[in-house]
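Input: a single structure, listed below in structure tokens.
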Amino acid sequence: MGYELGRFEGEVDEELICPICSCVLEDPLQSPQCEHAFCAACIHEWLTRQPTCPVDRSAITPNQLKSVPRILRNLLSRLTISCDNKAFGCTALVKLDVLTSHLQDCEFNPKKPVVCEKGCGFVVPKDEIKDHNCVRELRTMMSQLQQKLTELQTESMEQKIQLREQKREIQGLNDALRALRIMNPRVREIQTTMENEDLTRWVNSLQPARVTRWGGMISTPDAVLQAVIKRALVESGSPSHVVAELMENAHERRWPTGLSTLETRQLNRRQYENYVTKRIPGKQAVVVMYCENQHMPEDLIIEPGLVMIFAHGVE
């Protein structure tokens with residue numbers, strides 16, 4: 001619907017009147033052939049009932065409608081109109097093209113957003129502020145947040161259940177393939193290729209890490225710390241066939257000779273910066289995978305890789 005004629009100061013040219021609603025054009029569009037102009041809302045509603053021009057009945061579709069010429073838009077923008085909030089006391093007369101910005105700032109706008117000064121800080125429409133109850137609104141908000149939290153927790157639990165089921169299925173398939181490997185050399189080759197691809201995909205998904213304090217390395221992590229790191233490896237998507245091996249390689253008793261004692265670690269310390277390390281998500285720990293560190297001396301790397309846990313200094 002357009003703007004009511006009675007809101008305008010002076011005469012309004014009939015070319016600026018919508019033939020459908022008989023009001024001044026609002027967001028005007030025109031038909032492609034006859035170029036008759038209509039309010040956007042009016043013509044779209046009209047075309048839902050019959051696909052013809054309301055003036056001369058020529059055939060048109062919504063996709064054929066186009067913007068009116070600039071000269072028509074300029075004529076509309078120069079019209080002077082009273083504020084929508086005239087009934088609430090606003091006496092302003094503004095150009096049509098600035099009406100929207102005026103309404104946003106109009107002090108007489110009953111729906112103007114205002115901040116509650118009673119302490120809750122909620123933003124509410126001006127005409128609702130007198131009935132606004134901070135405690136009620138806060139309780140409503142807390143109830144909505146609690147409901148949303150419950151929904152998210154339920155969704156998260158369902159996703160975890162699905163993930164566990166998928167992991168069990170994958171593990172079952174891997175077990176079946178391993179059984180076939182024993183009986184069929186060709187299957188053994190396929191399984192090895194699949195495992196290598198899984199490993200490469202996982203390694204590439206990890207973020208590169210930078211160790212700033214190699215002296216913070218924990219070479220003899222206890223069982224609790226190893227369990228925490230193992231869980232992080234599993235949650236990061238580490239292939240199940242390497243998790244156990246990597247965790248075995250988290251203790252200095254399984255490290256290569258260049259890292260197996262404090263003395264050898266101190267001797268080789270300058271070479272640590274050459275390691276390609278990947279961060280174990282959320283932990284002060286990294287993996288040093290063999291596939292990414294074949295440039296290192298043999299006494300500083302082992303297959304499938306090392307897990308290094310730190311007290312601090314992993315970025």
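Labeling convention for the structure tokens: chains A, B, ... as they appear, residues from 1 per chain, ligands from 1 in order of appearance.
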Self-check item: Spatial neighbours of segment 124-135 of chain A, max dist 8 Å, only C-alpha atoms, sep filter under 3 positions, as a list in words
Solution: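 Here the answer would be Asn109, Pro110, Lys111, Lys112, Pro113, Val114, Val115, Cys116, Lys118, Gly119, Cys120, Leu138 and Arg139 of chain A.
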So which residues touch segment 23-26 of chain A within 9 Å, counting only C-alpha atoms, skipping near sequence neighbours fewer than 4 positions away, as a compact mmCIF listing (two decimals) with N, CA and C atoms, in the first residue's frame?
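Wrote it out as selection36.txt, contents follow:
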# COMPACT_ATOMS: atom_id res chain seq x y z
N MET A 1 0.83 -1.20 0.00
CA MET A 1 0.00 0.00 0.00
C MET A 1 0.87 1.25 0.00
N GLY A 2 0.36 2.32 -0.65
CA GLY A 2 1.11 3.55 -0.74
C GLY A 2 0.87 4.49 0.43
N TYR A 3 1.35 5.73 0.28
CA TYR A 3 1.19 6.77 1.30
C TYR A 3 -0.14 7.50 1.07
N GLU A 4 -0.90 7.72 2.14
CA GLU A 4 -2.18 8.40 2.01
C GLU A 4 -1.99 9.83 1.50
N LEU A 5 -2.85 10.25 0.57
CA LEU A 5 -2.73 11.57 -0.04
C LEU A 5 -2.82 12.70 0.98
N VAL A 12 -0.43 16.70 -5.41
CA VAL A 12 0.44 15.61 -5.84
C VAL A 12 0.07 15.25 -7.27
N GLU A 14 -0.81 13.38 -10.59
CA GLU A 14 -1.52 12.11 -10.74
C GLU A 14 -0.60 11.00 -11.23
N LEU A 16 2.04 10.26 -9.92
CA LEU A 16 2.66 9.70 -8.73
C LEU A 16 1.66 8.92 -7.88
N ILE A 17 0.48 8.69 -8.43
CA ILE A 17 -0.58 7.98 -7.71
C ILE A 17 -0.66 6.54 -8.21
N CYS A 18 -0.75 5.60 -7.30
CA CYS A 18 -0.88 4.18 -7.66
C CYS A 18 -2.30 3.91 -8.14
N PRO A 19 -2.50 3.35 -9.34
CA PRO A 19 -3.85 3.06 -9.85
C PRO A 19 -4.60 2.01 -9.03
N ALA A 37 3.00 2.59 -13.51
CA ALA A 37 3.70 2.43 -12.23
C ALA A 37 2.72 2.10 -11.11
N PHE A 38 3.18 1.24 -10.18
CA PHE A 38 2.36 0.81 -9.06
C PHE A 38 3.23 0.66 -7.81
N CYS A 39 2.60 0.69 -6.65
CA CYS A 39 3.32 0.33 -5.42
C CYS A 39 3.76 -1.13 -5.55
N ALA A 40 4.97 -1.44 -5.04
CA ALA A 40 5.47 -2.82 -5.15
C ALA A 40 4.52 -3.81 -4.49
N ALA A 41 4.05 -3.49 -3.27
CA ALA A 41 3.15 -4.41 -2.56
C ALA A 41 1.84 -4.58 -3.32
N LEU A 76 9.14 11.87 -6.55
CA LEU A 76 8.61 11.32 -5.30
C LEU A 76 9.42 11.81 -4.11
Practice problem: Might you pull out every residue within 10 Å of Asp198 of chain A, with only C-alpha atoms counted and same-chain residues fewer than 3 positions away left off, and present them as number ranges by chain? | Solution: A: 192-195, 201-203, 237-241
Just-selected residues, N, CA and C atoms written as an mmCIF file, in the first residue's frame:
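Result saved to result07.cif:
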data_model
loop_
_atom_site.group_PDB
_atom_site.id
_atom_site.type_symbol
_atom_site.label_atom_id
_atom_site.label_comp_id
_atom_site.auth_asym_id
_atom_site.auth_seq_id
_atom_site.Cartn_x
_atom_site.Cartn_y
_atom_site.Cartn_z
ATOM 1 N N THR A 192 46.591 -51.760 4.048
ATOM 2 C CA THR A 192 47.725 -50.897 4.363
ATOM 3 C C THR A 192 47.571 -49.534 3.692
ATOM 4 N N THR A 193 47.128 -49.537 2.433
ATOM 5 C CA THR A 193 46.905 -48.277 1.715
ATOM 6 C C THR A 193 45.835 -47.439 2.395
ATOM 7 N N MET A 194 44.739 -48.084 2.797
ATOM 8 C CA MET A 194 43.656 -47.367 3.465
ATOM 9 C C MET A 194 44.119 -46.765 4.785
ATOM 10 N N GLU A 195 44.884 -47.529 5.538
ATOM 11 C CA GLU A 195 45.377 -47.032 6.833
ATOM 12 C C GLU A 195 46.324 -45.853 6.632
ATOM 13 N N ARG A 201 45.367 -38.155 6.164
ATOM 14 C CA ARG A 201 44.226 -37.253 6.276
ATOM 15 C C ARG A 201 44.139 -36.644 7.675
ATOM 16 N N TRP A 202 44.355 -37.472 8.678
ATOM 17 C CA TRP A 202 44.308 -36.985 10.067
ATOM 18 C C TRP A 202 45.448 -36.007 10.346
ATOM 19 N N VAL A 203 46.653 -36.361 9.942
ATOM 20 C CA VAL A 203 47.810 -35.482 10.181
ATOM 21 C C VAL A 203 47.593 -34.119 9.524
ATOM 22 N N GLY A 237 40.237 -37.373 15.962
ATOM 23 C CA GLY A 237 40.032 -38.180 14.763
ATOM 24 C C GLY A 237 41.195 -39.071 14.398
ATOM 25 N N SER A 238 42.126 -39.263 15.341
ATOM 26 C CA SER A 238 43.284 -40.107 15.056
ATOM 27 C C SER A 238 42.833 -41.526 14.711
ATOM 28 N N PRO A 239 43.368 -42.108 13.635
ATOM 29 C CA PRO A 239 43.008 -43.486 13.280
ATOM 30 C C PRO A 239 43.263 -44.427 14.454
ATOM 31 N N SER A 240 42.310 -45.309 14.710
ATOM 32 C CA SER A 240 42.407 -46.173 15.897
ATOM 33 C C SER A 240 43.640 -47.061 15.873
ATOM 34 N N HIS A 241 44.124 -47.416 14.678
ATOM 35 C CA HIS A 241 45.248 -48.348 14.608
ATOM 36 C C HIS A 241 46.590 -47.710 14.999
#
I'd like to know which residues of segment 84-246 of chain A are alpha helix (DSSP H) (by DSSP, run on the backbone); could you write them as a CSV table (one decimal) with N, CA, C and O atoms, in the first residue's frame?
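Written out: selection27.csv:
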chain,number,residue,atom,x,y,z
A,99,LEU,N,12.1,10.2,5.1
A,99,LEU,CA,11.0,9.8,6.1
A,99,LEU,C,11.5,8.7,7.0
A,99,LEU,O,11.3,8.7,8.2
A,100,THR,N,12.1,7.7,6.3
A,100,THR,CA,12.6,6.5,7.1
A,100,THR,C,13.6,6.9,8.2
A,100,THR,O,13.4,6.4,9.3
A,101,SER,N,14.6,7.7,7.9
A,101,SER,CA,15.6,8.1,8.9
A,101,SER,C,14.9,8.9,10.0
A,101,SER,O,15.3,8.8,11.1
A,102,HIS,N,13.9,9.8,9.6
A,102,HIS,CA,13.2,10.6,10.6
A,102,HIS,C,12.5,9.7,11.6
A,102,HIS,O,12.5,9.9,12.8
A,103,LEU,N,11.8,8.7,11.1
A,103,LEU,CA,11.0,7.8,11.9
A,103,LEU,C,11.9,7.0,12.9
A,103,LEU,O,11.5,6.8,14.0
A,104,GLN,N,13.1,6.7,12.5
A,104,GLN,CA,14.0,6.0,13.4
A,104,GLN,C,14.4,6.9,14.7
A,104,GLN,O,14.6,6.4,15.8
A,105,ASP,N,14.4,8.2,14.5
A,105,ASP,CA,14.8,9.1,15.5
A,105,ASP,C,13.7,9.9,16.2
A,105,ASP,O,13.9,10.6,17.1
A,134,CYS,N,11.1,-5.9,35.0
A,134,CYS,CA,12.5,-6.5,34.9
A,134,CYS,C,12.6,-7.9,35.3
A,134,CYS,O,13.2,-8.7,34.6
A,135,VAL,N,12.0,-8.2,36.5
A,135,VAL,CA,12.1,-9.6,37.0
A,135,VAL,C,11.5,-10.6,36.1
A,135,VAL,O,12.0,-11.6,35.8
A,136,ARG,N,10.3,-10.2,35.6
A,136,ARG,CA,9.6,-11.1,34.7
A,136,ARG,C,10.4,-11.4,33.4
A,136,ARG,O,10.5,-12.5,33.0
A,137,GLU,N,10.9,-10.3,32.9
A,137,GLU,CA,11.6,-10.4,31.6
A,137,GLU,C,12.9,-11.2,31.8
A,137,GLU,O,13.3,-12.0,31.0
A,138,LEU,N,13.6,-11.0,33.0
A,138,LEU,CA,14.8,-11.7,33.2
A,138,LEU,C,14.5,-13.2,33.4
A,138,LEU,O,15.3,-14.1,32.9
A,139,ARG,N,13.4,-13.5,34.1
A,139,ARG,CA,13.0,-14.9,34.3
A,139,ARG,C,12.7,-15.5,32.9
A,139,ARG,O,13.1,-16.7,32.7
A,140,THR,N,12.0,-14.8,32.1
A,140,THR,CA,11.7,-15.3,30.7
A,140,THR,C,13.0,-15.6,29.9
A,140,THR,O,13.1,-16.6,29.3
A,141,MET,N,13.9,-14.6,30.0
A,141,MET,CA,15.1,-14.8,29.3
A,141,MET,C,15.9,-16.0,29.8
A,141,MET,O,16.4,-16.8,29.0
A,142,MET,N,16.0,-16.2,31.2
A,142,MET,CA,16.7,-17.3,31.7
A,142,MET,C,16.0,-18.6,31.4
A,142,MET,O,16.7,-19.6,31.1
A,143,SER,N,14.7,-18.6,31.3
A,143,SER,CA,14.0,-19.8,30.9
A,143,SER,C,14.3,-20.2,29.5
A,143,SER,O,14.5,-21.4,29.1
A,144,GLN,N,14.3,-19.2,28.6
A,144,GLN,CA,14.6,-19.4,27.2
A,144,GLN,C,16.1,-19.9,27.0
A,144,GLN,O,16.3,-20.8,26.2
A,145,LEU,N,17.0,-19.3,27.8
A,145,LEU,CA,18.4,-19.7,27.7
A,145,LEU,C,18.5,-21.2,28.2
A,145,LEU,O,19.3,-22.0,27.7
A,146,GLN,N,17.8,-21.5,29.3
A,146,GLN,CA,17.9,-22.8,29.9
A,146,GLN,C,17.3,-23.9,28.9
A,146,GLN,O,17.9,-24.9,28.7
A,147,GLN,N,16.2,-23.5,28.2
A,147,GLN,CA,15.7,-24.4,27.2
A,147,GLN,C,16.6,-24.6,26.0
A,147,GLN,O,16.8,-25.7,25.6
A,148,LYS,N,17.3,-23.5,25.6
A,148,LYS,CA,18.2,-23.6,24.5
A,148,LYS,C,19.4,-24.4,24.9
A,148,LYS,O,19.9,-25.3,24.1
A,149,LEU,N,19.9,-24.3,26.2
A,149,LEU,CA,21.0,-25.1,26.7
A,149,LEU,C,20.6,-26.5,26.7
A,149,LEU,O,21.4,-27.4,26.3
A,150,THR,N,19.4,-26.8,27.2
A,150,THR,CA,19.0,-28.2,27.2
A,150,THR,C,18.9,-28.8,25.8
A,150,THR,O,19.3,-30.0,25.6
A,151,GLU,N,18.4,-28.0,24.8
A,151,GLU,CA,18.3,-28.5,23.5
A,151,GLU,C,19.7,-28.8,22.9
A,151,GLU,O,19.9,-29.8,22.2
A,152,LEU,N,20.7,-27.9,23.2
A,152,LEU,CA,22.0,-28.1,22.7
A,152,LEU,C,22.7,-29.3,23.4
A,152,LEU,O,23.4,-30.0,22.7
A,153,GLN,N,22.4,-29.5,24.7
A,153,GLN,CA,23.0,-30.6,25.3
A,153,GLN,C,22.4,-31.9,24.8
A,153,GLN,O,23.2,-32.9,24.6
A,154,THR,N,21.1,-31.9,24.5
A,154,THR,CA,20.5,-33.1,23.9
A,154,THR,C,21.1,-33.4,22.5
A,154,THR,O,21.4,-34.5,22.2
A,155,GLU,N,21.2,-32.3,21.7
A,155,GLU,CA,21.8,-32.5,20.4
A,155,GLU,C,23.2,-33.0,20.4
A,155,GLU,O,23.6,-33.9,19.7
A,156,SER,N,24.0,-32.4,21.4
A,156,SER,CA,25.4,-32.9,21.5
A,156,SER,C,25.4,-34.3,21.9
A,156,SER,O,26.3,-35.1,21.4
A,157,MET,N,24.6,-34.7,22.9
A,157,MET,CA,24.6,-36.1,23.3
A,157,MET,C,24.2,-37.1,22.1
A,157,MET,O,24.8,-38.1,22.0
A,158,GLU,N,23.2,-36.7,21.4
A,158,GLU,CA,22.8,-37.5,20.2
A,158,GLU,C,23.9,-37.6,19.2
A,158,GLU,O,24.2,-38.7,18.6
A,159,GLN,N,24.7,-36.5,19.0
A,159,GLN,CA,25.8,-36.5,18.1
A,159,GLN,C,26.9,-37.4,18.6
A,159,GLN,O,27.6,-38.1,17.8
A,160,LYS,N,27.1,-37.4,19.9
A,160,LYS,CA,28.2,-38.2,20.5
A,160,LYS,C,27.8,-39.7,20.3
A,160,LYS,O,28.7,-40.5,20.0
A,161,ILE,N,26.5,-40.0,20.5
A,161,ILE,CA,26.1,-41.4,20.4
A,161,ILE,C,26.3,-41.9,18.9
A,161,ILE,O,26.8,-43.0,18.7
A,162,GLN,N,25.9,-41.0,18.0
A,162,GLN,CA,26.0,-41.3,16.6
A,162,GLN,C,27.5,-41.5,16.2
A,162,GLN,O,27.9,-42.4,15.5
A,163,LEU,N,28.4,-40.6,16.8
A,163,LEU,CA,29.8,-40.7,16.5
A,163,LEU,C,30.4,-42.0,17.1
A,163,LEU,O,31.2,-42.7,16.4
A,164,ARG,N,29.9,-42.4,18.3
A,164,ARG,CA,30.4,-43.7,18.9
A,164,ARG,C,30.0,-44.9,18.0
A,164,ARG,O,30.7,-45.8,17.8
A,165,GLU,N,28.7,-44.8,17.5
A,165,GLU,CA,28.2,-45.9,16.7
A,165,GLU,C,29.0,-46.0,15.4
A,165,GLU,O,29.4,-47.1,14.9
A,166,GLN,N,29.3,-44.8,14.8
A,166,GLN,CA,30.1,-44.8,13.6
A,166,GLN,C,31.5,-45.3,13.8
A,166,GLN,O,32.1,-46.1,13.0
A,167,LYS,N,32.1,-44.9,15.0
A,167,LYS,CA,33.4,-45.4,15.3
A,167,LYS,C,33.4,-47.0,15.5
A,167,LYS,O,34.4,-47.7,15.1
A,168,ARG,N,32.3,-47.5,16.1
A,168,ARG,CA,32.3,-48.9,16.3
A,168,ARG,C,32.1,-49.6,14.9
A,168,ARG,O,32.7,-50.7,14.7
A,169,GLU,N,31.3,-49.0,14.0
A,169,GLU,CA,31.2,-49.6,12.7
A,169,GLU,C,32.5,-49.6,12.0
A,169,GLU,O,32.9,-50.6,11.3
A,170,ILE,N,33.2,-48.5,12.1
A,170,ILE,CA,34.6,-48.4,11.4
A,170,ILE,C,35.5,-49.4,12.0
A,170,ILE,O,36.3,-50.0,11.3
A,171,GLN,N,35.5,-49.5,13.3
A,171,GLN,CA,36.4,-50.4,14.0
A,171,GLN,C,36.1,-51.9,13.5
A,171,GLN,O,37.0,-52.7,13.3
A,172,GLY,N,34.7,-52.2,13.4
A,172,GLY,CA,34.3,-53.5,13.0
A,172,GLY,C,34.8,-53.8,11.6
A,172,GLY,O,35.3,-54.9,11.3
A,173,LEU,N,34.7,-52.8,10.7
A,173,LEU,CA,35.2,-52.9,9.3
A,173,LEU,C,36.7,-53.1,9.3
A,173,LEU,O,37.3,-54.0,8.6
A,174,ASN,N,37.4,-52.4,10.1
A,174,ASN,CA,38.9,-52.5,10.2
A,174,ASN,C,39.3,-53.9,10.7
A,174,ASN,O,40.2,-54.5,10.2
A,175,ASP,N,38.6,-54.4,11.7
A,175,ASP,CA,38.9,-55.7,12.2
A,175,ASP,C,38.6,-56.8,11.2
A,175,ASP,O,39.4,-57.7,11.1
A,176,ALA,N,37.5,-56.6,10.4
A,176,ALA,CA,37.2,-57.5,9.3
A,176,ALA,C,38.3,-57.5,8.3
A,176,ALA,O,38.8,-58.6,7.8
A,177,LEU,N,38.8,-56.3,7.9
A,177,LEU,CA,39.8,-56.2,6.9
A,177,LEU,C,41.2,-56.8,7.4
A,177,LEU,O,41.9,-57.4,6.7
A,178,ARG,N,41.4,-56.6,8.7
A,178,ARG,CA,42.7,-57.2,9.3
A,178,ARG,C,42.6,-58.7,9.2
A,178,ARG,O,43.6,-59.3,9.0
A,179,ALA,N,41.4,-59.2,9.5
A,179,ALA,CA,41.3,-60.7,9.4
A,179,ALA,C,41.5,-61.2,8.0
A,179,ALA,O,42.1,-62.2,7.8
A,180,LEU,N,41.0,-60.4,7.0
A,180,LEU,CA,41.2,-60.8,5.6
A,180,LEU,C,42.7,-60.6,5.2
A,180,LEU,O,43.1,-61.4,4.4
A,181,ARG,N,43.3,-59.7,5.8
A,181,ARG,CA,44.8,-59.5,5.5
A,181,ARG,C,45.6,-60.7,5.7
A,181,ARG,O,46.5,-61.1,5.0
A,182,ILE,N,45.2,-61.4,6.8
A,182,ILE,CA,46.0,-62.6,7.2
A,182,ILE,C,45.8,-63.7,6.1
A,182,ILE,O,46.7,-64.5,5.8
A,183,MET,N,44.6,-63.7,5.5
A,183,MET,CA,44.3,-64.8,4.5
A,183,MET,C,44.6,-64.4,3.1
A,183,MET,O,44.9,-65.3,2.2
A,185,PRO,N,47.0,-61.8,0.6
A,185,PRO,CA,48.0,-60.7,0.5
A,185,PRO,C,47.5,-59.5,-0.2
A,185,PRO,O,47.9,-58.4,0.1
A,186,ARG,N,46.6,-59.6,-1.2
A,186,ARG,CA,46.0,-58.5,-1.9
A,186,ARG,C,45.2,-57.6,-1.0
A,186,ARG,O,45.3,-56.4,-1.0
A,187,VAL,N,44.4,-58.2,-0.1
A,187,VAL,CA,43.6,-57.5,0.8
A,187,VAL,C,44.6,-56.8,1.8
A,187,VAL,O,44.3,-55.7,2.3
A,188,ARG,N,45.7,-57.4,2.1
A,188,ARG,CA,46.7,-56.8,3.0
A,188,ARG,C,47.2,-55.5,2.4
A,188,ARG,O,47.3,-54.5,3.2
A,189,GLU,N,47.4,-55.5,1.1
A,189,GLU,CA,47.9,-54.3,0.5
A,189,GLU,C,46.9,-53.2,0.5
A,189,GLU,O,47.2,-52.0,0.8
A,190,ILE,N,45.6,-53.6,0.3
A,190,ILE,CA,44.5,-52.6,0.3
A,190,ILE,C,44.4,-52.0,1.6
A,190,ILE,O,44.2,-50.8,1.8
A,191,GLN,N,44.4,-52.9,2.7
A,191,GLN,CA,44.2,-52.4,4.1
A,191,GLN,C,45.4,-51.4,4.4
A,191,GLN,O,45.1,-50.4,5.0
A,192,THR,N,46.6,-51.8,4.0
A,192,THR,CA,47.7,-50.9,4.4
A,192,THR,C,47.6,-49.5,3.7
A,192,THR,O,47.8,-48.5,4.3
A,193,THR,N,47.1,-49.5,2.4
A,193,THR,CA,46.9,-48.3,1.7
A,193,THR,C,45.8,-47.4,2.4
A,193,THR,O,46.0,-46.2,2.6
A,194,MET,N,44.7,-48.1,2.8
A,194,MET,CA,43.7,-47.4,3.5
A,194,MET,C,44.1,-46.8,4.8
A,194,MET,O,43.8,-45.6,5.1
A,195,GLU,N,44.9,-47.5,5.5
A,195,GLU,CA,45.4,-47.0,6.8
A,195,GLU,C,46.3,-45.9,6.6
A,195,GLU,O,46.3,-44.9,7.4
A,196,ASN,N,47.2,-45.9,5.6
A,196,ASN,CA,48.1,-44.8,5.3
A,196,ASN,C,47.3,-43.6,4.9
A,196,ASN,O,47.7,-42.5,5.3
A,197,GLU,N,46.3,-43.8,4.1
A,197,GLU,CA,45.5,-42.6,3.7
A,197,GLU,C,44.7,-42.0,4.9
A,197,GLU,O,44.7,-40.8,5.0
A,198,ASP,N,44.2,-42.8,5.8
A,198,ASP,CA,43.6,-42.3,7.0
A,198,ASP,C,44.5,-41.5,7.8
A,198,ASP,O,44.2,-40.5,8.4
A,199,LEU,N,45.8,-42.1,8.0
A,199,LEU,CA,46.8,-41.4,8.8
A,199,LEU,C,47.1,-40.0,8.2
A,199,LEU,O,47.2,-39.0,8.9
A,200,THR,N,47.4,-40.0,6.9
A,200,THR,CA,47.7,-38.8,6.2
A,200,THR,C,46.6,-37.7,6.3
A,200,THR,O,46.9,-36.5,6.6
A,201,ARG,N,45.4,-38.2,6.2
A,201,ARG,CA,44.2,-37.3,6.3
A,201,ARG,C,44.1,-36.6,7.7
A,201,ARG,O,43.9,-35.5,7.8
A,202,TRP,N,44.4,-37.5,8.7
A,202,TRP,CA,44.3,-37.0,10.1
A,202,TRP,C,45.4,-36.0,10.3
A,202,TRP,O,45.2,-34.9,10.9
A,203,VAL,N,46.7,-36.4,9.9
A,203,VAL,CA,47.8,-35.5,10.2
A,203,VAL,C,47.6,-34.1,9.5
A,203,VAL,O,47.9,-33.1,10.1
A,204,ASN,N,47.1,-34.1,8.3
A,204,ASN,CA,46.8,-32.9,7.6
A,204,ASN,C,45.7,-32.0,8.3
A,204,ASN,O,45.7,-30.8,8.1
A,205,SER,N,44.8,-32.7,9.0
A,205,SER,CA,43.8,-31.9,9.7
A,205,SER,C,44.2,-31.2,10.9
A,205,SER,O,43.5,-30.3,11.4
A,223,ALA,N,50.2,-42.1,34.3
A,223,ALA,CA,49.1,-42.8,33.6
A,223,ALA,C,47.9,-41.9,33.4
A,223,ALA,O,47.2,-41.9,32.4
A,224,VAL,N,47.6,-41.0,34.4
A,224,VAL,CA,46.5,-40.0,34.3
A,224,VAL,C,46.7,-39.1,33.1
A,224,VAL,O,45.8,-38.8,32.3
A,225,LEU,N,47.9,-38.5,33.0
A,225,LEU,CA,48.3,-37.6,31.9
A,225,LEU,C,48.2,-38.3,30.6
A,225,LEU,O,47.7,-37.7,29.6
A,226,GLN,N,48.7,-39.5,30.5
A,226,GLN,CA,48.6,-40.2,29.2
A,226,GLN,C,47.2,-40.5,28.8
A,226,GLN,O,46.9,-40.4,27.6
A,227,ALA,N,46.3,-40.8,29.8
A,227,ALA,CA,44.9,-41.0,29.5
A,227,ALA,C,44.2,-39.8,28.9
A,227,ALA,O,43.4,-39.8,28.0
A,228,VAL,N,44.6,-38.6,29.5
A,228,VAL,CA,44.1,-37.3,29.0
A,228,VAL,C,44.5,-37.1,27.6
A,228,VAL,O,43.7,-36.7,26.7
A,229,ILE,N,45.8,-37.3,27.3
A,229,ILE,CA,46.3,-37.1,25.9
A,229,ILE,C,45.7,-38.1,24.9
A,229,ILE,O,45.4,-37.8,23.8
A,230,LYS,N,45.5,-39.3,25.4
A,230,LYS,CA,45.0,-40.4,24.5
A,230,LYS,C,43.5,-40.0,24.1
A,230,LYS,O,43.2,-40.1,22.9
A,231,ARG,N,42.8,-39.5,25.1
A,231,ARG,CA,41.4,-39.1,24.8
A,231,ARG,C,41.4,-38.0,23.8
A,231,ARG,O,40.6,-38.0,22.9
A,232,ALA,N,42.3,-37.0,23.9
A,232,ALA,CA,42.4,-35.9,23.0
A,232,ALA,C,42.8,-36.4,21.6
A,232,ALA,O,42.2,-35.9,20.6
A,233,LEU,N,43.6,-37.4,21.5
A,233,LEU,CA,44.0,-38.0,20.2
A,233,LEU,C,42.8,-38.6,19.5
A,233,LEU,O,42.5,-38.4,18.3
A,234,VAL,N,42.0,-39.4,20.3
A,234,VAL,CA,40.8,-40.0,19.8
A,234,VAL,C,39.8,-39.0,19.3
A,234,VAL,O,39.2,-39.1,18.2
A,235,GLU,N,39.6,-38.0,20.1
A,235,GLU,CA,38.6,-37.0,19.8
A,235,GLU,C,39.0,-36.1,18.6
A,235,GLU,O,38.2,-35.6,17.9
A,240,SER,N,42.3,-45.3,14.7
A,240,SER,CA,42.4,-46.2,15.9
A,240,SER,C,43.6,-47.1,15.9
A,240,SER,O,44.2,-47.4,16.9
A,241,HIS,N,44.1,-47.4,14.7
A,241,HIS,CA,45.2,-48.3,14.6
A,241,HIS,C,46.6,-47.7,15.0
A,241,HIS,O,47.6,-48.4,15.2
A,242,VAL,N,46.6,-46.4,15.2
A,242,VAL,CA,47.9,-45.7,15.6
A,242,VAL,C,47.8,-45.1,16.9
A,242,VAL,O,48.9,-44.7,17.5
A,243,VAL,N,46.6,-45.0,17.5
A,243,VAL,CA,46.5,-44.3,18.8
A,243,VAL,C,47.4,-45.0,19.9
A,243,VAL,O,48.1,-44.4,20.6
A,244,ALA,N,47.2,-46.3,19.9
A,244,ALA,CA,48.0,-47.1,21.0
A,244,ALA,C,49.5,-46.9,20.8
A,244,ALA,O,50.2,-46.7,21.7
A,245,GLU,N,49.9,-47.0,19.5
A,245,GLU,CA,51.4,-46.9,19.2
A,245,GLU,C,51.9,-45.5,19.6
A,245,GLU,O,53.0,-45.4,20.2
A,246,LEU,N,51.1,-44.5,19.2
A,246,LEU,CA,51.5,-43.1,19.5
A,246,LEU,C,51.7,-42.9,21.0
A,246,LEU,O,52.6,-42.3,21.5
Practice problem: List the neighbours of Ser31 of chain A out to 8 Å using only C-alpha atoms; skip same-chain residues closer than 4 positions along the sequence, and give me the result as a list in words. | Solution: Glu35, His36, Ala37, Cys53, Ile60, Gln64, Leu65 and Lys66 of chain A
Restricting it to N, CA, C and O atoms, dump the selection as an mmCIF file, in the first residue's frame.
data_model
loop_
_atom_site.group_PDB
_atom_site.id
_atom_site.type_symbol
_atom_site.label_atom_id
_atom_site.label_comp_id
_atom_site.auth_asym_id
_atom_site.auth_seq_id
_atom_site.Cartn_x
_atom_site.Cartn_y
_atom_site.Cartn_z
ATOM 1 N N GLU A 35 4.494 0.535 -19.139
ATOM 2 C CA GLU A 35 5.225 1.387 -18.202
ATOM 3 C C GLU A 35 4.319 2.062 -17.165
ATOM 4 O O GLU A 35 4.657 3.108 -16.630
ATOM 5 N N HIS A 36 3.166 1.465 -16.861
ATOM 6 C CA HIS A 36 2.348 1.972 -15.770
ATOM 7 C C HIS A 36 3.036 1.642 -14.448
ATOM 8 O O HIS A 36 3.588 0.549 -14.283
ATOM 9 N N ALA A 37 2.999 2.594 -13.508
ATOM 10 C CA ALA A 37 3.703 2.434 -12.233
ATOM 11 C C ALA A 37 2.722 2.105 -11.111
ATOM 12 O O ALA A 37 1.598 2.620 -11.073
ATOM 13 N N CYS A 53 -1.778 -6.262 -16.452
ATOM 14 C CA CYS A 53 -1.648 -4.894 -15.965
ATOM 15 C C CYS A 53 -3.024 -4.406 -15.494
ATOM 16 O O CYS A 53 -4.016 -4.542 -16.232
ATOM 17 N N ILE A 60 1.527 -9.546 -17.934
ATOM 18 C CA ILE A 60 2.814 -9.346 -17.244
ATOM 19 C C ILE A 60 2.948 -10.404 -16.146
ATOM 20 O O ILE A 60 1.956 -10.959 -15.659
ATOM 21 N N GLN A 64 8.853 -9.774 -14.672
ATOM 22 C CA GLN A 64 9.002 -8.760 -15.719
ATOM 23 C C GLN A 64 8.949 -7.337 -15.166
ATOM 24 O O GLN A 64 9.274 -6.382 -15.870
ATOM 25 N N LEU A 65 8.531 -7.176 -13.929
ATOM 26 C CA LEU A 65 8.457 -5.841 -13.333
ATOM 27 C C LEU A 65 9.844 -5.236 -13.222
ATOM 28 O O LEU A 65 10.828 -5.935 -12.969
ATOM 29 N N LYS A 66 9.931 -3.918 -13.387
ATOM 30 C CA LYS A 66 11.228 -3.249 -13.309
ATOM 31 C C LYS A 66 11.096 -1.920 -12.563
ATOM 32 O O LYS A 66 9.990 -1.433 -12.311
#
